[in-house]
Structures are given as structure tokens and as C-alpha cells.
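Note sheet for the following structure.
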Amino acid sequence: MSLGRLPDTWRRFDVTVRDLPLALLLVTMSLVPAFHGAGTRIGEMATRPFDAIAALVVAVECLPLAVRRRWPLACLVLVSVGFAADQMRGYHLVAGTALPFALLSAGAYLERHRRAAIAAGSVLYVVFAVALNRVGANEQTDEYVTFYLALALIWGVGAWLRSTRAAEAERRLRVAEATRTAERTRIARELHDVVTHHVTAMVVQAEAARYLVAAPERLDETLSTVTDTGRRAITDLRHLLDLLNPDHGTGGEDGGGPGRAPSAGDLDALVEQTRRAGQPLEFTRVGEAAVAAGSAESVAYRVVQEALTNVLKYAHGSRAAVEVRYGEKEITVEVGNDGSGSRAAAVGGGGRGLTGLSERVAALGGEFSADPRPGGGFVVRARIPSGSAS
């Protein structure tokens, strides 16, 4: 095992195992003769020699630290009892150092009955102070108060650690939930883009096939196009399944299929598919995509895909045009139709797809618009920064 993996291995142990070394260290130091009488001293009681009872006090004071995180209240009670016996017997052991650790752990890890524990501890401290004076400690009241305030400060530090830990856990929970929500939204957009485009193309082609019975060769071509579109839809859906389940099988990589996100480089296939659906379409590409375009290419592809889907749905047969320009720092996309088709050509689309596109473009710092043309038809425009996208 390499030394670099030791911390991870140590963290996999139970908290009791990880807390035990501190308890054993204090036990060992308390048993060393040179340290006898060197511990916490309250009052002017003479130091008593180490004896069998002192060994029992050491065990009661130190060993409960092994469960200080698992059972913080039980640990604090046992350590406090041992500390009281230590002071009243006059041993003044190093084991008394266990009390701050137990108090800090109780403040940090005690989940229930915290106020009751504080109240009970305060009362018992007063009883302890009175009993200690009865056996000859002769401690002044202000010194008892100072020691109590020190203990309260240690508890307060533990409580602060607890609240900080809870706040961090809440923050991580919010981040995880936001991440899950963003991923669900992204997958919903991908499903919308893939299913809507391909199914719309298949519906348009199937409707056209009704009128081609008298032309078997054209009918066969149209049905072949429907089949190809269906296969492409299946390929893209498999890609989405791969995103949801890494163990899912993969297929080809055509048109943004499994293994990579769709990009502007797949536009030729998209345009050809739309033309085969019977949609007159002019395609213009200016420039070349930058090597670092990354996400911008994928978003550009989706903009064109959604716009062409809406043309097929709402303006089939109208004259449409796609223009994609690659600049050094951005990609601009414009997709429009003249509204001369057989359907409601002035309608831009069902809203959700365009809204999703607007959010995607905005996430990259770009601009998006989808507006009707004054003379009829609809135009979708996007400016997508691509300088350092990834």
C-alpha cells in the first residue's frame, strides 16, 4: 500500500477506531510517573500519590473518548465523573485533559437534548464546586466562574463546528439537487430535439406517401427516407440512453449519435434529411469551425435542428434558408422561411423547443431571437460565442 493511500484507508475505519488513539495517548501519559500531578488543578488541594483508584480514574476519564463522536453525551458524562473524582481525590492527572475534548465533541456531535444537557451540566458544576470546597479545595468563587466560562467557550466552539458542518451539508445538498435538476433539464431538451425533429420528418414523409401511389419509384424512395429517419432517431435515442446509463450498449456515431454530442459538422446530413422530407431548403456555410468551438458547435446544430423542425411542422413546402457563419470568436446562425407553404407558415413553433434553445445560447453568453417576418414567415437567429468554449 502506498503512503498516499493511507489517509483514505484511515478514513474508512469506524469512528471509534479513529478516536481510540487519542484516548490511549492520554492513558499512557497519565501512567508515566514524571507526569503525575501535572494535570489540571482546581483549588489548593495537595497532590495525592498515584494508587489503584487513580488507575481507575484514568480509565474513566480517558477511555470514553473512543466513543466521543458515536455517543457524545455518554462520553461527556463518564469523563466528567472521572474528572470530578480526579480533582476531589487530588490526583491532578494528565487524564483531566480529556474533559475539553469530551466537551468539544458533545457540542459538535450531540444532536438531541442539547439545552437539557447544558442546564444539567451547569447544575452539576455548581454541585461539584460546593463538594470540592467541602473536601478542602478552598477555591474562590470568581475562579470557579472563570473555569465554567472556559468550559462554556469550549462547548460554544463545538456548537459552531456543528452548525458549520450542517451548513456545508445543506450547501452540498442544494448543489446536488441543482445538478440533478440541470441534468434532467438537459436530457429533456435532448429528447425534445431528437424526438421532435425525427418524428416530425417521418410524419411529413408518411403524409406525402399517400399521394405517391401512382408513382411506385417515388413511393419507394419516400418510404426509404422514412426508414432512414426512424433509424437515425433510434441511434440518437440510444445516445441519450448511454448518457443515462453508462452500461448501455453503443451504436454508430452518425449525426451526433453515441460517443459524442451533435455538432455543426453534422449540418450537411441534417439539411439533406430535411430536403428528403420534401422541404425546399437553401444551405449556406461561411468559414470553418474553430478547433476550440466545442459546445458552441453543438448548440448551433440544435438551433438549426429545432428551426427546421418548426419549418416542417408549421411551414412545410415554404422556401426556407439556413445560413451558418463561423467567426474567430462566435458562430452565427440564421434559419428562416418565407411563409409560402401549405400550413400556418407564420407560426414559429411550440415554445418549449425555442425556450430551451434560448437558455442554451444564453448559457454560453450568446444572443437568441425567434420572430415573425413582416411579410410572412419566421426567422430564427443566434449568436453563439465560441472562442474558448469547451
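Within each chain, counting starts at residue 1; across the C-alpha cells, chains are named A, B, ... in the order shown, with ligands numbered 1 upward in that order.
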9 Å contact set for stretch 144-156 of chain A, only C-alpha atoms, chain neighbours under 6 positions out, as an mmCIF file with N, CA and C atoms, in the first residue's frame:
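out-v7.cif, written as the output of this step:
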data_model
loop_
_atom_site.group_PDB
_atom_site.id
_atom_site.type_symbol
_atom_site.label_atom_id
_atom_site.label_comp_id
_atom_site.auth_asym_id
_atom_site.auth_seq_id
_atom_site.Cartn_x
_atom_site.Cartn_y
_atom_site.Cartn_z
ATOM 1 N N ILE A 42 -7.739 22.358 40.385
ATOM 2 C CA ILE A 42 -8.732 23.324 40.851
ATOM 3 C C ILE A 42 -8.627 23.380 42.373
ATOM 4 N N LEU A 99 -11.386 16.171 29.470
ATOM 5 C CA LEU A 99 -12.638 16.911 29.625
ATOM 6 C C LEU A 99 -12.867 17.912 28.490
ATOM 7 N N PRO A 100 -11.894 18.753 28.107
ATOM 8 C CA PRO A 100 -12.143 19.661 26.973
ATOM 9 C C PRO A 100 -12.480 18.920 25.683
ATOM 10 N N PHE A 101 -11.819 17.781 25.435
ATOM 11 C CA PHE A 101 -12.112 17.011 24.225
ATOM 12 C C PHE A 101 -13.548 16.482 24.258
ATOM 13 N N LEU A 103 -16.056 17.707 25.974
ATOM 14 C CA LEU A 103 -16.997 18.825 25.900
ATOM 15 C C LEU A 103 -17.091 19.363 24.471
ATOM 16 N N LEU A 104 -15.954 19.471 23.798
ATOM 17 C CA LEU A 104 -15.942 19.929 22.406
ATOM 18 C C LEU A 104 -16.729 18.961 21.512
ATOM 19 N N SER A 105 -16.544 17.668 21.725
ATOM 20 C CA SER A 105 -17.237 16.662 20.922
ATOM 21 C C SER A 105 -18.736 16.694 21.174
ATOM 22 N N ALA A 106 -19.133 16.902 22.430
ATOM 23 C CA ALA A 106 -20.559 16.980 22.729
ATOM 24 C C ALA A 106 -21.192 18.186 22.041
ATOM 25 N N GLY A 107 -20.494 19.324 22.069
ATOM 26 C CA GLY A 107 -21.015 20.498 21.381
ATOM 27 C C GLY A 107 -21.116 20.299 19.886
ATOM 28 N N ALA A 108 -20.192 19.506 19.316
ATOM 29 C CA ALA A 108 -20.150 19.337 17.866
ATOM 30 C C ALA A 108 -21.046 18.217 17.361
ATOM 31 N N SER A 122 -24.705 22.581 33.989
ATOM 32 C CA SER A 122 -24.478 23.774 34.821
ATOM 33 C C SER A 122 -24.814 23.497 36.280
ATOM 34 N N TYR A 125 -22.214 21.281 37.799
ATOM 35 C CA TYR A 125 -20.965 22.000 38.034
ATOM 36 C C TYR A 125 -21.030 22.751 39.365
ATOM 37 N N VAL A 126 -22.188 23.346 39.674
ATOM 38 C CA VAL A 126 -22.351 24.036 40.964
ATOM 39 C C VAL A 126 -22.215 23.031 42.111
ATOM 40 N N ALA A 129 -18.596 22.167 42.491
ATOM 41 C CA ALA A 129 -17.828 23.234 43.138
ATOM 42 C C ALA A 129 -18.051 23.236 44.646
#
Q: Fewer than 3 positions away in the same chain doesn't count, so skip those; otherwise give me all residues within 10 Å of A:Cys62, counting only C-alpha atoms, as a list in words.
A: Leu20, Leu22, Ala23, Leu24, Leu25, Leu26, Val27, Thr28, Ser30, Val57, Val58, Ala59, Leu65, Ala66, Cys75, Leu78, Val79, Gly82, Phe83, Val94, Ala95, Gly96, Thr97, Ala98, Leu99, Phe101 and Ala102 of chain A
Those of stretch 286-322 of chain A in DSSP strand (DSSP E or B), formatted as a PDB file with N, CA and C atoms, in the first residue's frame:
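New file part-v1.pdb:
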ATOM      1  N   VAL A 286     -20.427  29.612 -44.169  1.00  0.00           N
ATOM      2  CA  VAL A 286     -19.339  30.567 -44.394  1.00  0.00           C
ATOM      3  C   VAL A 286     -18.272  30.334 -43.328  1.00  0.00           C
ATOM      4  N   ALA A 320     -37.247  27.876 -47.602  1.00  0.00           N
ATOM      5  CA  ALA A 320     -36.500  28.075 -46.361  1.00  0.00           C
ATOM      6  C   ALA A 320     -35.009  28.193 -46.669  1.00  0.00           C
ATOM      7  N   ALA A 321     -34.312  28.847 -45.767  1.00  0.00           N
ATOM      8  CA  ALA A 321     -32.877  29.050 -45.951  1.00  0.00           C
ATOM      9  C   ALA A 321     -32.161  28.931 -44.610  1.00  0.00           C
ATOM     10  N   VAL A 322     -31.002  28.313 -44.625  1.00  0.00           N
ATOM     11  CA  VAL A 322     -30.151  28.173 -43.440  1.00  0.00           C
ATOM     12  C   VAL A 322     -28.805  28.802 -43.759  1.00  0.00           C
TER      13      VAL A 322
END
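Among the candidates A:Leu31, A:Ala167, A:Ala315, A:Val299, the one nearest to A:Leu281 when counting only C-alpha atoms is A:Ala315.
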Q | atom CA of A:Phe13 to atom CA of A:Val67, distance in Å rounded to a single decimal | A |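 If I compute the distance from atom CA of A:Phe13 to atom CA of A:Val67, I get 13.5 Å.
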Q) Pick the closest to A:Leu308 from A:Tyr326, A:Tyr109, A:Phe35, A:Phe378: which is it, counting only C-alpha atoms? A)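 Going through A:Tyr326, A:Tyr109, A:Phe35, A:Phe378 one by one, the smallest distance to A:Leu308 is for A:Phe378.
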Q. Which residues come within 10 Å of A:Pro385, counting only C-alpha atoms, excluding same-chain residues fewer than 3 positions away, as a ChimeraX atom specification?
A. /A:293,295-297,327-332,361-362,364-367,382,388-389
